[in-house]
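Quick notes on the structure that follows.
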Amino acid sequence: MNLNEIERTLRQLRLSGIAATLNTRVLQAQSSQQPFLETLAALLQDELDQRRTRLTQRRLKHSRLDEQPSLADFDWRFNPKLPRQACFELHALKFIAEGANALLVGKPGTGKSHVAKAVAYQATLQGLAVRYVEADTEFAQYALCSAAEQAALLRAYVEPDLLVLDDLFLARRIPEAAAELLQTVVHQRYKRRRSIVVTSNRVVQDWGKYLGDATMATTILDRLMHRAAMLEFEGKSYRLKEAAARLLTSPAPDA
Ligand SMILES: Nc1ncnc2c1ncn2[C@@H]1O[C@H](COP(=O)(O)OP(=O)(O)OP(=O)(O)O)[C@@H](O)[C@H]1O
Ligand SMILES: [Mg+2]
């Protein structure tokens with residue numbers, strides 16, 4: 001077999017990680033008279049590395065995370081009262097193994113979504129199945145879906161190890177079908193001991209109003225809070241700080 005044929009065979013054997021680096025590894029081996037076993041080991045490592053990367057990419061795609069913020073780029077000095085230790089505790093992901101939830105509530109622009117996404121991203125890197133949901137938008141769309149689409153969405157919300165419901169009740173009221181969905185998702189995940197992270201800038205006392213049903217709100221909160229960390233985000237909006245910085249750096253308008 002020549003190199004091309006070997007490459008084709010490797011792809012047939014689904015060893016595309018080796019196929020991708022074969023040429024380079026052969027040149028490397030020839031240039032330094034590398035022992036065969038060392039070359040083979042490098043090729044096997046290439047295959048493993050590629051598989052791991054692809055798996056992470058697939059998990060990230062399934063998670064629907066729109067960005068991958070990290071706690072490393074979070075400025076803890078900006079709002080010193082934020083529950084920093086609790087955020088890192090979430091980031092350690094033990095709550096997922098315990099089937100616990102987390103509620104991140106508080107003022108707009110204080111970093112709730114940032115922290116929730118950082119936790120979700122960390123979970124995908126650790127090999128967990130994650131589903132990130134922009135709650136208001138997706139729940140409103142759910143109400144318009146066919147029965148089959150709704151069933152598929154429900155599965156997508158119940159199956160993963162971690163579900164993130166971001167910016168819940170941003171638009172205050174949610175459609176009746178969406179409220180029922182929320183109740184079902186919370187109930188099903190509670191039964192299976194699967195974690196939910198919720199972020200909201202609405203105090204939980206008002207959830208009944210937004211759901212249009214106080215009993216439903218109690219049912220949902222009861223299950224969410226049973227095993228849950230409650231993180232309060234008090235402070236100033238980082239968005240305003242960024243907007244102010246943009247104003248200061250933009251050129252002054254002509255007089
Ligand atoms: N302390 C911080 N350090 C660095 N970036 C921050 C900090 N707080 C917020 N941000 C950034 O500011 C923007 C707004 O934060 P984020 O979306 O997390 O706020 P939020 O609490 O979810 O607000 P809302 O209640 O309106 O949804 C994001 O781009 C986020 O990365
Ligand atoms: Mg948010």
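Labeling convention for the structure tokens: chains A, B, ... as they appear, residues from 1 per chain, ligands from 1 in order of appearance.
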
May I ask you to write as an mmCIF file with C-alpha atoms, in the first residue's frame all residues lying at most 9 Å from ligand 1, with only C-alpha atoms and all ligand atoms counted?
data_model
loop_
_atom_site.group_PDB
_atom_site.id
_atom_site.type_symbol
_atom_site.label_atom_id
_atom_site.label_comp_id
_atom_site.auth_asym_id
_atom_site.auth_seq_id
_atom_site.Cartn_x
_atom_site.Cartn_y
_atom_site.Cartn_z
ATOM 1 C CA PRO A 69 -17.704 32.776 29.091
ATOM 2 C CA SER A 70 -15.409 31.779 31.909
ATOM 3 C CA LEU A 71 -15.109 32.772 35.538
ATOM 4 C CA ASP A 73 -12.665 36.813 32.871
ATOM 5 C CA PHE A 74 -15.144 37.893 35.532
ATOM 6 C CA ASP A 75 -14.283 41.025 37.506
ATOM 7 C CA TRP A 76 -15.200 40.251 41.126
ATOM 8 C CA ARG A 77 -14.197 43.730 42.283
ATOM 9 C CA PHE A 78 -16.923 45.382 40.230
ATOM 10 C CA ASN A 79 -19.735 44.111 42.473
ATOM 11 C CA PRO A 80 -18.050 43.029 45.693
ATOM 12 C CA LEU A 82 -21.730 38.941 44.644
ATOM 13 C CA LEU A 104 -29.369 32.957 40.357
ATOM 14 C CA VAL A 105 -31.601 35.932 40.972
ATOM 15 C CA GLY A 106 -30.990 39.638 41.239
ATOM 16 C CA LYS A 107 -30.394 42.909 39.490
ATOM 17 C CA PRO A 108 -29.935 43.214 35.699
ATOM 18 C CA GLY A 109 -26.428 43.191 34.273
ATOM 19 C CA THR A 110 -24.797 41.802 37.400
ATOM 20 C CA GLY A 111 -23.478 38.636 35.745
ATOM 21 C CA LYS A 112 -26.119 35.968 36.402
ATOM 22 C CA SER A 113 -26.191 34.749 32.801
ATOM 23 C CA HIS A 114 -22.407 35.017 32.582
ATOM 24 C CA VAL A 115 -21.956 32.732 35.590
ATOM 25 C CA ALA A 116 -24.679 30.304 34.452
ATOM 26 C CA LYS A 117 -23.088 30.003 31.006
ATOM 27 C CA ASP A 166 -31.637 31.683 31.393
ATOM 28 C CA ASP A 167 -33.453 34.979 31.940
ATOM 29 C CA LEU A 168 -36.698 33.387 33.046
ATOM 30 C CA LEU A 170 -37.643 38.512 31.332
ATOM 31 C CA THR A 199 -31.362 32.854 36.179
ATOM 32 C CA SER A 200 -33.915 35.622 36.588
ATOM 33 C CA ASN A 201 -34.036 39.275 37.473
ATOM 34 C CA ARG A 202 -37.553 38.787 38.868
ATOM 35 C CA PHE A 233 -26.784 39.076 42.647
ATOM 36 C CA LYS A 236 -24.587 47.704 39.576
ATOM 37 C CA SER A 237 -25.065 46.752 35.946
ATOM 38 C CA TYR A 238 -21.873 45.889 34.124
ATOM 39 C CA ARG A 239 -23.688 46.722 30.895
ATOM 40 C CA LEU A 240 -23.948 50.352 32.009
ATOM 41 C CA LYS A 241 -20.257 50.389 32.838
ATOM 42 C CA GLU A 242 -19.471 49.054 29.361
#

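Look at range 152-156 of chain A: the protein and nucleic acid residues within 9 Å of it, using only C-alpha atoms and passing over chain neighbours fewer than 4 places away, are A:Arg131, A:Tyr142, A:Ala147, A:Ala148, A:Pro160, A:Leu181, A:Thr184, A:Val185.
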
Let me make sure I understand: among A:Phe36, A:Phe139, A:Phe95, A:Phe169, which one has the smallest atom-to-atom distance to ligand 2 if we use only C-alpha atoms and all ligand atoms? A:Phe169

Determine which residues of range 141-224 of chain A receive a DSSP assignment of helix (DSSP H, G or I), computed from the backbone, and state them as a PyMOL selection string. chain A and resi 141-142+147-158+176-191+204-211+214-224

Write the residues you've just listed into a file as a compact mmCIF listing (two decimals), in the first residue's frame, and include C-alpha atoms for each of them.
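What ended up in result_28.txt:
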# COMPACT_ATOMS: atom_id res chain seq x y z
CA GLN A 141 -41.87 29.55 20.57
CA TYR A 142 -42.85 26.27 22.25
CA ALA A 147 -47.54 18.35 19.24
CA ALA A 148 -44.66 16.28 17.82
CA GLU A 149 -42.25 19.22 18.03
CA GLN A 150 -43.38 19.90 21.60
CA ALA A 151 -42.74 16.28 22.57
CA ALA A 152 -39.23 16.46 21.06
CA LEU A 153 -38.51 19.72 22.90
CA LEU A 154 -39.72 18.29 26.17
CA ARG A 155 -37.32 15.37 25.75
CA ALA A 156 -34.50 17.80 24.96
CA TYR A 157 -35.22 19.68 28.19
CA VAL A 158 -35.59 16.60 30.40
CA GLU A 176 -50.10 29.27 29.33
CA ALA A 177 -48.56 26.41 27.32
CA ALA A 178 -45.11 27.64 28.33
CA ALA A 179 -46.08 27.75 32.00
CA GLU A 180 -47.28 24.16 31.75
CA LEU A 181 -44.05 23.22 30.01
CA LEU A 182 -42.03 24.78 32.80
CA GLN A 183 -44.03 22.86 35.37
CA THR A 184 -43.61 19.55 33.52
CA VAL A 185 -39.88 20.07 32.97
CA VAL A 186 -39.25 20.95 36.61
CA HIS A 187 -41.35 18.01 37.77
CA GLN A 188 -39.74 15.46 35.45
CA ARG A 189 -36.23 16.59 36.23
CA TYR A 190 -36.96 16.66 39.94
CA LYS A 191 -38.10 13.02 39.77
CA VAL A 204 -39.46 34.58 43.17
CA GLN A 205 -42.35 36.11 45.10
CA ASP A 206 -43.64 37.49 41.77
CA TRP A 207 -43.40 34.24 39.80
CA GLY A 208 -47.05 33.42 40.51
CA LYS A 209 -48.07 36.62 38.73
CA TYR A 210 -46.00 35.83 35.66
CA LEU A 211 -47.25 32.26 35.49
CA ALA A 214 -50.19 30.94 42.13
CA THR A 215 -50.58 27.19 42.74
CA MET A 216 -48.45 26.39 39.73
CA ALA A 217 -45.79 28.79 40.95
CA THR A 218 -45.74 27.07 44.35
CA THR A 219 -45.51 23.62 42.70
CA ILE A 220 -42.59 24.75 40.56
CA LEU A 221 -40.74 26.60 43.31
CA ASP A 222 -41.27 23.77 45.78
CA ARG A 223 -39.44 21.31 43.57
CA LEU A 224 -36.82 23.77 42.37

How many Å separate CA of Ala102 in chain A from CA of Gly212 in chain A?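 A separation of 23.3 Å between them.
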
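Per DSSP on the backbone, strand (DSSP E or B) in range 58-174 of chain A comprises A:Asn101, A:Ala102, A:Leu103, A:Leu104, A:Val105, A:Gly106, A:Val130, A:Arg131, A:Tyr132, A:Val133, A:Glu134, A:Leu162, A:Leu163, A:Val164, A:Leu165, A:Asp166.
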
Pick from A:Asn101, A:Ser16, A:Thr9, A:Gln57: nearest to Leu125 in chain A, with only C-alpha atoms counted?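 The closest residue to Leu125 in chain A is A:Gln57.
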
Out of A:Ala20, A:Val133, A:Leu90, A:Leu65, which residue has the shortest atom-to-atom distance to Asp49 in chain A when counting only C-alpha atoms?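 So, comparing all the options, the nearest one is A:Ala20.
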
Select, from A:Leu37, A:Ala19, A:Ala135, A:Leu60, the residue with the minimum atom-to-atom distance to ligand 2, counting only C-alpha atoms and all ligand atoms.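 Closest to ligand 2 of all the choices is A:Ala135.
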
As a PDB file with N, CA and C atoms, in the first residue's frame, please: the residues near Thr56 in chain A (cut-off 9 Å, only C-alpha atoms, same-chain neighbours under 6 positions excluded).
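What follows is the written file result_36.pdb:
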ATOM      1  N   THR A 124     -19.921  20.974  29.927  1.00  0.00           N
ATOM      2  CA  THR A 124     -19.710  20.298  28.630  1.00  0.00           C
ATOM      3  C   THR A 124     -18.259  19.826  28.516  1.00  0.00           C
ATOM      4  N   LEU A 125     -17.326  20.656  29.028  1.00  0.00           N
ATOM      5  CA  LEU A 125     -15.912  20.249  28.979  1.00  0.00           C
ATOM      6  C   LEU A 125     -15.676  19.003  29.820  1.00  0.00           C
ATOM      7  N   GLN A 126     -16.460  18.846  30.873  1.00  0.00           N
ATOM      8  CA  GLN A 126     -16.303  17.682  31.750  1.00  0.00           C
ATOM      9  C   GLN A 126     -17.088  16.477  31.243  1.00  0.00           C
ATOM     10  N   GLY A 127     -17.653  16.585  30.048  1.00  0.00           N
ATOM     11  CA  GLY A 127     -18.295  15.413  29.449  1.00  0.00           C
ATOM     12  C   GLY A 127     -19.763  15.266  29.783  1.00  0.00           C
TER      13      GLY A 127
END

For ligand 2, which residue among A:Leu13, A:Ala244, A:Ala228, A:Leu165 is the nearest when counting only C-alpha atoms and all ligand atoms?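 Of A:Leu13, A:Ala244, A:Ala228, A:Leu165, the one nearest ligand 2 is A:Leu165, counting only C-alpha atoms and all ligand atoms.
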
In Å, rounded to a single decimal, give me how far CA of Ala120 in chain A is from CA of Ala97 in chain A.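 CA of Ala97 in chain A sits 13.8 Å away from CA of Ala120 in chain A.
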
So, counting only C-alpha atoms and all ligand atoms, which residue among A:Val198, A:Ala41, A:Leu27, A:Ala243 is closest to ligand 2? A:Val198

For CA of Glu98 in chain A and CA of His226 in chain A, quote the distance in Å rounded to one decimal.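 Pair CA of Glu98 in chain A / CA of His226 in chain A returns 12.2 Å.
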